[in-house]
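S.K.: So I've got this file, upload-v9.txt, and it contains compact mmCIF, C-alpha atoms:
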# COMPACT_ATOMS: atom_id res chain seq x y z
CA MET A 1277 0.00 0.00 0.00
CA ALA A 1278 2.22 2.74 -1.27
CA GLN A 1279 0.76 6.22 -1.35
CA ASP A 1280 1.86 9.66 -0.37
CA ILE A 1281 0.67 10.84 3.03
CA GLN A 1282 0.11 14.57 3.20
CA PRO A 1283 1.09 16.22 6.49
CA ILE A 1284 -1.83 17.05 8.78
CA THR A 1285 -2.43 20.78 9.09
CA ASP A 1286 -3.28 22.57 12.32
CA ARG A 1287 -6.66 23.42 10.75
CA GLN A 1288 -7.47 19.77 10.12
CA ARG A 1289 -6.37 18.71 13.59
CA THR A 1290 -8.53 21.44 15.14
CA ALA A 1291 -11.48 20.32 13.02
CA ALA A 1292 -10.93 16.72 14.13
CA ALA A 1293 -10.97 17.72 17.78
CA ALA A 1294 -14.12 19.79 17.26
CA PHE A 1295 -15.87 16.91 15.49
CA ARG A 1296 -14.88 14.43 18.17
CA ALA A 1297 -16.20 16.80 20.85
CA LEU A 1298 -19.63 16.84 19.19
CA HIS A 1299 -19.96 13.14 20.08
CA GLU A 1300 -19.34 13.60 23.79
CA GLN A 1301 -22.79 14.73 24.92
CA GLY A 1302 -26.20 15.77 23.67
CA ILE A 1303 -27.26 15.34 20.06
CA PHE A 1304 -26.13 16.95 16.83
CA VAL A 1305 -27.37 16.90 13.26
CA LEU A 1306 -25.29 16.25 10.16
CA PRO A 1307 -26.88 17.43 6.90
CA ASN A 1308 -25.37 15.47 4.01
CA ALA A 1309 -23.68 17.16 1.06
CA TRP A 1310 -22.88 15.72 -2.33
CA ASP A 1311 -20.63 18.35 -3.90
CA ALA A 1312 -18.74 21.51 -3.05
CA VAL A 1313 -21.64 23.93 -3.50
CA SER A 1314 -24.12 21.87 -1.46
CA ALA A 1315 -21.49 21.65 1.29
CA ALA A 1316 -20.85 25.39 1.22
CA VAL A 1317 -24.59 26.14 1.42
CA ILE A 1318 -25.04 23.69 4.31
CA ALA A 1319 -22.12 25.26 6.17
CA ARG A 1320 -23.49 28.76 5.59
CA ALA A 1321 -26.82 27.62 7.04
CA GLY A 1322 -25.05 26.87 10.33
CA ALA A 1323 -24.30 23.16 10.33
CA PRO A 1324 -21.59 22.35 12.90
CA ALA A 1325 -20.16 19.68 10.59
CA ILE A 1326 -20.88 18.18 7.19
CA ALA A 1327 -21.25 14.56 6.18
CA THR A 1328 -21.05 13.40 2.60
CA THR A 1329 -23.68 11.12 1.08
CA SER A 1330 -22.26 8.40 -1.13
CA ALA A 1331 -25.59 8.14 -2.96
CA GLY A 1332 -25.66 11.85 -3.74
CA VAL A 1333 -22.01 11.83 -4.76
CA ALA A 1334 -22.55 8.83 -7.03
CA TRP A 1335 -25.61 10.38 -8.69
CA SER A 1336 -23.81 13.68 -9.22
CA LEU A 1337 -21.03 11.80 -11.01
CA GLY A 1338 -23.41 9.88 -13.22
CA THR A 1339 -23.42 6.49 -11.55
CA GLY A 1340 -25.71 4.56 -9.23
CA ASP A 1341 -25.47 4.23 -5.46
CA GLY A 1342 -24.27 1.07 -3.78
CA GLN A 1343 -20.47 0.90 -3.90
CA GLN A 1344 -20.33 1.76 -7.61
CA LEU A 1345 -18.07 4.76 -7.02
CA THR A 1346 -14.33 4.34 -7.34
CA ARG A 1347 -12.07 5.36 -4.50
CA ASP A 1348 -10.56 8.13 -6.64
CA ASP A 1349 -13.98 9.55 -7.53
CA SER A 1350 -15.09 9.59 -3.91
CA ILE A 1351 -11.85 11.10 -2.63
CA GLY A 1352 -11.95 13.82 -5.30
CA VAL A 1353 -15.33 15.01 -4.05
CA ILE A 1354 -14.21 14.85 -0.41
CA ARG A 1355 -11.20 16.99 -1.27
CA ARG A 1356 -13.33 19.62 -3.01
CA ILE A 1357 -15.78 19.76 -0.13
CA ALA A 1358 -13.09 20.03 2.55
CA ALA A 1359 -11.44 22.84 0.58
CA VAL A 1360 -14.53 25.09 0.57
CA VAL A 1361 -15.84 24.77 4.15
CA ASP A 1362 -14.39 25.60 7.53
CA VAL A 1363 -16.42 23.07 9.50
CA PRO A 1364 -15.41 19.43 10.04
CA VAL A 1365 -16.09 17.04 7.15
CA THR A 1366 -16.87 13.37 7.68
CA ALA A 1367 -16.75 11.18 4.59
CA ASP A 1368 -19.05 8.35 3.59
CA VAL A 1369 -16.53 5.87 2.19
CA GLU A 1370 -19.12 3.11 1.81
CA GLY A 1371 -17.46 -0.29 2.30
CA GLY A 1372 -13.94 1.09 1.98
CA TYR A 1373 -13.64 0.46 -1.79
CA GLY A 1374 -12.44 -3.08 -1.46
CA PRO A 1375 -13.07 -6.05 0.83
CA ALA A 1376 -9.65 -6.47 2.43
CA PRO A 1377 -8.32 -4.55 5.43
CA GLU A 1378 -5.59 -3.25 3.12
CA ASP A 1379 -8.24 -1.73 0.86
CA VAL A 1380 -9.86 0.01 3.82
CA ALA A 1381 -6.50 1.32 5.00
CA ALA A 1382 -5.74 2.79 1.58
CA THR A 1383 -9.12 4.53 1.58
CA ILE A 1384 -8.61 5.99 5.05
CA LEU A 1385 -5.19 7.33 4.15
CA ALA A 1386 -6.65 8.95 1.06
CA ALA A 1387 -9.66 10.40 2.91
CA VAL A 1388 -7.47 11.94 5.60
CA SER A 1389 -5.15 13.35 2.96
CA ALA A 1390 -8.20 14.89 1.27
CA GLY A 1391 -9.15 16.71 4.47
CA ALA A 1392 -11.70 14.43 6.15
CA VAL A 1393 -11.74 14.22 9.95
CA GLY A 1394 -14.29 11.42 10.14
CA VAL A 1395 -15.47 8.47 8.05
CA ASN A 1396 -18.40 6.09 7.79
CA LEU A 1397 -17.42 2.50 7.09
CA GLU A 1398 -20.23 0.04 6.42
CA ASP A 1399 -20.32 -3.71 6.97
CA SER A 1400 -22.30 -4.60 3.82
CA THR A 1401 -20.44 -6.51 1.15
CA ALA A 1402 -23.00 -5.26 -1.39
CA PRO A 1403 -26.31 -3.38 -1.40
CA GLY A 1404 -28.87 -5.58 0.33
CA GLY A 1405 -26.19 -7.75 1.90
CA PRO A 1406 -24.75 -10.04 2.87
CA LEU A 1407 -22.71 -8.41 5.60
CA PHE A 1408 -19.12 -9.08 6.49
CA ASP A 1409 -19.11 -11.34 9.51
CA THR A 1410 -18.40 -9.58 12.76
CA ALA A 1411 -14.76 -10.65 13.03
CA ALA A 1412 -13.97 -9.70 9.44
CA GLN A 1413 -15.53 -6.27 9.82
CA ALA A 1414 -13.66 -5.76 13.08
CA ASP A 1415 -10.43 -6.47 11.20
CA ARG A 1416 -11.39 -3.86 8.61
CA LEU A 1417 -12.15 -1.31 11.32
CA ARG A 1418 -8.87 -2.09 13.03
CA ALA A 1419 -7.10 -1.42 9.74
CA ALA A 1420 -8.94 1.90 9.49
CA ARG A 1421 -7.81 2.92 12.97
CA GLU A 1422 -4.21 1.94 12.23
CA ALA A 1423 -4.32 3.88 8.97
CA ALA A 1424 -5.55 6.97 10.80
CA GLN A 1425 -2.54 6.66 13.12
CA GLN A 1426 -0.26 6.22 10.13
CA ALA A 1427 -1.77 9.28 8.47
CA GLY A 1428 -1.00 11.35 11.55
CA LEU A 1429 -4.64 11.88 12.54
CA PRO A 1430 -5.36 9.50 15.44
CA GLU A 1431 -8.33 11.75 16.28
CA LEU A 1432 -10.17 10.58 13.14
CA VAL A 1433 -13.76 9.70 14.10
CA ILE A 1434 -14.69 6.27 12.74
CA ASN A 1435 -18.45 5.79 12.50
CA ALA A 1436 -19.04 2.05 12.10
CA ARG A 1437 -22.18 1.49 10.06
CA THR A 1438 -24.06 -1.76 10.42
CA ASP A 1439 -26.80 -2.60 7.94
CA VAL A 1440 -28.53 -5.29 10.00
CA TYR A 1441 -31.75 -3.27 10.23
CA LEU A 1442 -31.47 -1.44 6.91
CA PHE A 1443 -31.38 -4.67 4.91
CA GLY A 1444 -33.30 -6.87 7.36
CA ILE A 1445 -30.41 -9.26 7.91
CA GLY A 1446 -31.27 -12.42 9.82
CA ALA A 1447 -34.40 -13.27 11.77
CA ARG A 1448 -36.22 -10.20 13.11
CA GLU A 1449 -35.97 -11.38 16.71
CA GLY A 1450 -32.20 -11.76 16.46
CA ARG A 1451 -31.31 -8.41 14.92
CA PHE A 1452 -31.00 -6.42 18.13
CA ASP A 1453 -28.56 -8.91 19.65
CA ASP A 1454 -26.61 -9.06 16.37
CA VAL A 1455 -26.21 -5.27 16.45
CA LEU A 1456 -25.06 -5.38 20.08
CA THR A 1457 -22.51 -8.10 19.28
CA ARG A 1458 -21.23 -6.03 16.41
CA ALA A 1459 -21.15 -2.89 18.55
CA ALA A 1460 -18.90 -4.57 21.10
CA ALA A 1461 -16.54 -5.95 18.47
CA TYR A 1462 -16.45 -2.70 16.52
CA ALA A 1463 -15.71 -0.70 19.66
CA GLU A 1464 -12.85 -3.03 20.54
CA ALA A 1465 -11.47 -2.61 17.02
CA GLY A 1466 -11.34 1.17 17.35
CA ALA A 1467 -14.69 2.52 16.17
CA ASP A 1468 -15.95 5.68 17.85
CA SER A 1469 -19.67 5.48 17.12
CA LEU A 1470 -22.24 3.09 15.71
CA PHE A 1471 -24.46 4.01 12.76
CA VAL A 1472 -27.65 1.93 12.52
CA PRO A 1473 -29.63 3.04 9.45
CA GLY A 1474 -33.06 1.47 9.21
CA LEU A 1475 -33.70 1.66 12.95
CA LEU A 1476 -35.99 4.49 14.08
CA ASP A 1477 -38.23 2.73 16.60
CA LEU A 1478 -37.84 4.85 19.71
CA PRO A 1479 -38.19 2.14 22.41
CA THR A 1480 -35.66 -0.02 20.58
CA LEU A 1481 -33.28 2.93 20.32
CA VAL A 1482 -33.62 3.61 24.06
CA ASP A 1483 -32.64 0.00 24.72
CA LEU A 1484 -29.78 0.10 22.23
CA VAL A 1485 -28.39 3.35 23.64
CA ALA A 1486 -28.43 1.84 27.13
CA LYS A 1487 -26.58 -1.31 26.09
CA SER A 1488 -24.24 -0.23 23.31
CA PRO A 1489 -20.61 0.62 24.17
CA LEU A 1490 -20.69 3.18 21.34
CA PRO A 1491 -22.83 6.31 20.87
CA ILE A 1492 -25.62 5.78 18.37
CA ASN A 1493 -26.09 7.50 15.00
CA VAL A 1494 -29.36 7.13 13.07
CA MET A 1495 -30.50 8.08 9.59
CA ALA A 1496 -33.65 10.18 9.63
CA GLY A 1497 -35.84 11.83 7.03
CA ALA A 1498 -39.45 12.62 6.23
CA GLY A 1499 -41.73 10.73 8.64
CA ALA A 1500 -38.98 9.95 11.13
CA PRO A 1501 -39.12 10.91 14.82
CA SER A 1502 -38.06 14.50 15.42
CA VAL A 1503 -34.55 15.38 16.51
CA ALA A 1504 -35.98 16.18 19.96
CA GLU A 1505 -37.56 12.73 20.18
CA LEU A 1506 -34.32 11.07 19.07
CA ALA A 1507 -32.41 13.12 21.65
CA ALA A 1508 -34.79 11.94 24.37
CA ALA A 1509 -34.04 8.35 23.28
CA GLY A 1510 -30.34 9.03 23.79
CA VAL A 1511 -29.28 9.16 20.16
CA ARG A 1512 -26.09 11.17 19.79
CA ARG A 1513 -25.94 11.88 16.07
CA VAL A 1514 -28.54 12.28 13.28
CA SER A 1515 -27.85 12.32 9.55
CA VAL A 1516 -30.23 12.26 6.61
CA GLY A 1517 -28.37 10.31 3.94
CA SER A 1518 -29.36 11.31 0.43
CA ALA A 1519 -32.59 13.07 1.50
CA VAL A 1520 -31.37 16.65 0.98
CA ALA A 1521 -30.00 15.72 -2.44
CA GLN A 1522 -33.30 14.06 -3.34
CA ALA A 1523 -35.20 17.19 -2.28
CA ALA A 1524 -32.95 19.32 -4.49
CA PHE A 1525 -33.48 16.97 -7.43
CA LYS A 1526 -37.24 17.11 -6.88
CA LEU A 1527 -37.12 20.89 -7.07
CA ALA A 1528 -35.23 20.65 -10.37
CA GLU A 1529 -37.93 18.35 -11.73
CA THR A 1530 -40.78 20.53 -10.43
CA ALA A 1531 -39.29 23.72 -11.86
CA THR A 1532 -38.68 22.07 -15.23
CA ILE A 1533 -42.23 20.73 -15.49
CA GLU A 1534 -43.62 24.15 -14.62
CA LEU A 1535 -41.44 25.83 -17.24
CA LEU A 1536 -42.30 23.34 -19.95
CA GLU A 1537 -46.00 22.98 -19.25
CA HIS A 1538 -46.99 26.44 -18.00
CA GLY A 1539 -44.18 28.80 -18.94
CA THR A 1540 -44.09 30.18 -15.40
CA TYR A 1541 -41.43 30.38 -12.71
CA THR A 1542 -43.11 29.92 -9.32
CA ALA A 1543 -40.85 27.05 -8.30
CA LEU A 1544 -37.83 29.34 -8.69
CA GLU A 1545 -39.09 32.14 -6.46
CA ASN A 1546 -37.25 31.08 -3.29
CA ALA A 1547 -33.95 30.25 -4.98
CA LEU A 1548 -30.68 31.53 -3.57
CA ASP A 1549 -29.67 34.57 -5.56
CA TYR A 1550 -26.64 34.38 -7.84
CA GLY A 1551 -24.53 36.67 -5.67
CA SER A 1552 -25.09 34.56 -2.58
CA VAL A 1553 -23.95 31.40 -4.31
CA GLN A 1554 -21.04 33.10 -6.04
CA GLY A 1555 -19.98 34.62 -2.75
CA LEU A 1556 -19.58 31.18 -1.19
CA PHE A 1557 -16.43 30.85 -3.28
CA THR A 1558 -15.18 34.35 -4.13
CA GLN A 1559 -14.90 35.34 -0.47
CA ARG A 1560 -12.45 32.59 0.41
Translate the structure of the given file into structure tokens.
M.R.:
Amino acid sequence: MAQDIQPITDRQRTAAAAFRALHEQGIFVLPNAWDAVSAAVIARAGAPAIATTSAGVAWSLGTGDGQQLTRDDSIGVIRRIAAVVDVPVTADVEGGYGPAPEDVAATILAAVSAGAVGVNLEDSTAPGGPLFDTAAQADRLRAAREAAQQAGLPELVINARTDVYLFGIGAREGRFDDVLTRAAAYAEAGADSLFVPGLLDLPTLVDLVAKSPLPINVMAGAGAPSVAELAAAGVRRVSVGSAVAQAAFKLAETATIELLEHGTYTALENALDYGSVQGLFTQR
């Protein structure tokens, strides 16, 4: 695994410490960006940190979601995002762009070099499953932690994503215990938090928060419990996956239909003005 490791800047180390501190108490929300301009807008709106969405990134680059991105494509977007915002950036690196621990390590080195101070690493081998077994995923997480040390950013926040609930892996009655088993192994391997997309049942989250050795991250969206309700359940971190990107794409479709069918511009009335968007970049 030969690749250049860029020295960590004071700015990146400060961002890493700030991002890690967000996980220590209370709850925080991570809107998900898919390119530099969405990230800059999200930061301007007051987000304390920005997460990337692999689905949104993939769609913006003309490919489908589900580990179809290349490492280079993903890292290029992470680098552009980190360059235009002053808040911490955590990168969705999907399954690490390869099954082996060495693949994960290469991805972590590249993500840190691109400016990320956190990563999501999922345990799915492919969309819909199957999952890596617990020991294999722990090895991959251990490789990620070691790579962060090698990169000179031991503060990197590793958010271990498990897709047990998202993809309905195993018998329903065994999923909670499977997640707890994975949480313990992932914590021992060096993960800092546990991301459980597909789980939004509040009583189950209360139980999971009480028993997990790692703080819990959920994926919310339209119809999900409110942030206040998730906070009361003990959830530490809320992200929304590709939902913001999907809302933006829906607006593009709505505006286009209105233009083509009615020749009017109502859907464009609340758009950010040109100067505001341009200023996101010219003021840096």
S.K.: Report the closest atom pair, with its distance in Å rounded to one decimal, for each residue of range 1335-1391 of chain A that has an atom no farther than 12 Å from range 1505-1517 of chain A; count all atoms listed in the file, sort by chain and then rising residue number, and write it as a Markdown table.
M.R.:
| residue | atom | partner | partner_atom | distance |
| --- | --- | --- | --- | --- |
| A:Asp1341 | CA | A:Gly1517 | CA | 11.6 |
| A:Thr1366 | CA | A:Ser1515 | CA | 11.2 |
| A:Ala1367 | CA | A:Gly1517 | CA | 11.7 |
| A:Asp1368 | CA | A:Gly1517 | CA | 9.5 |
| A:Glu1370 | CA | A:Gly1517 | CA | 11.9 |
S.K.: Could you tell me which of A:Thr1438, A:Gln1301, A:Thr1540, A:Thr1290 comes closest to Phe1408 in chain A if we count all atoms listed in the file?
M.R.: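 Result for the nearest residue to Phe1408 in chain A: A:Thr1438.
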S.K.: With distances taken over only C-alpha atoms, which residue among A:Gly1372, A:Gly1391, A:Gly1446, A:Pro1430 lies nearest Ser1330 in chain A?
M.R.: A:Gly1372
S.K.: Given the point (-27.4, -2.4, 16.0) in the coordinates of this file, which residues lie within 7 Å, counting only C-alpha atoms, and how would they look as a list in words?
M.R.: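 Residues close enough to count: Thr1438, Val1440, Phe1452, Asp1454, Val1455, Leu1456, Ala1459 and Val1472 of chain A.
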S.K.: If I take CA of Pro1473 in chain A and CA of Val1361 in chain A, how far is one from the other in Å, to one decimal?
M.R.: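 Those two atoms sit 26.3 Å apart.
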S.K.: To one decimal place in Å, what is the distance between CA of Ser1488 in chain A and CA of Gly1466 in chain A?
M.R.: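 A separation of 14.3 Å between them.
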S.K.: Take CA of Asn1308 in chain A and CA of Val1360 in chain A and report the distance between them in Å, one decimal.
M.R.: 14.9 Å
S.K.: Grab all the atoms of range 1466-1472 of chain A that the file lists, wrap them in a box along x, y and z, add 3 Å per side, and give me centre plus edge lengths in Å (one decimal) as JSON.
M.R.:
{"center_x": -19.5, "center_y": 3.4, "center_z": 15.2, "size_x": 22.3, "size_y": 10.5, "size_z": 11.3}
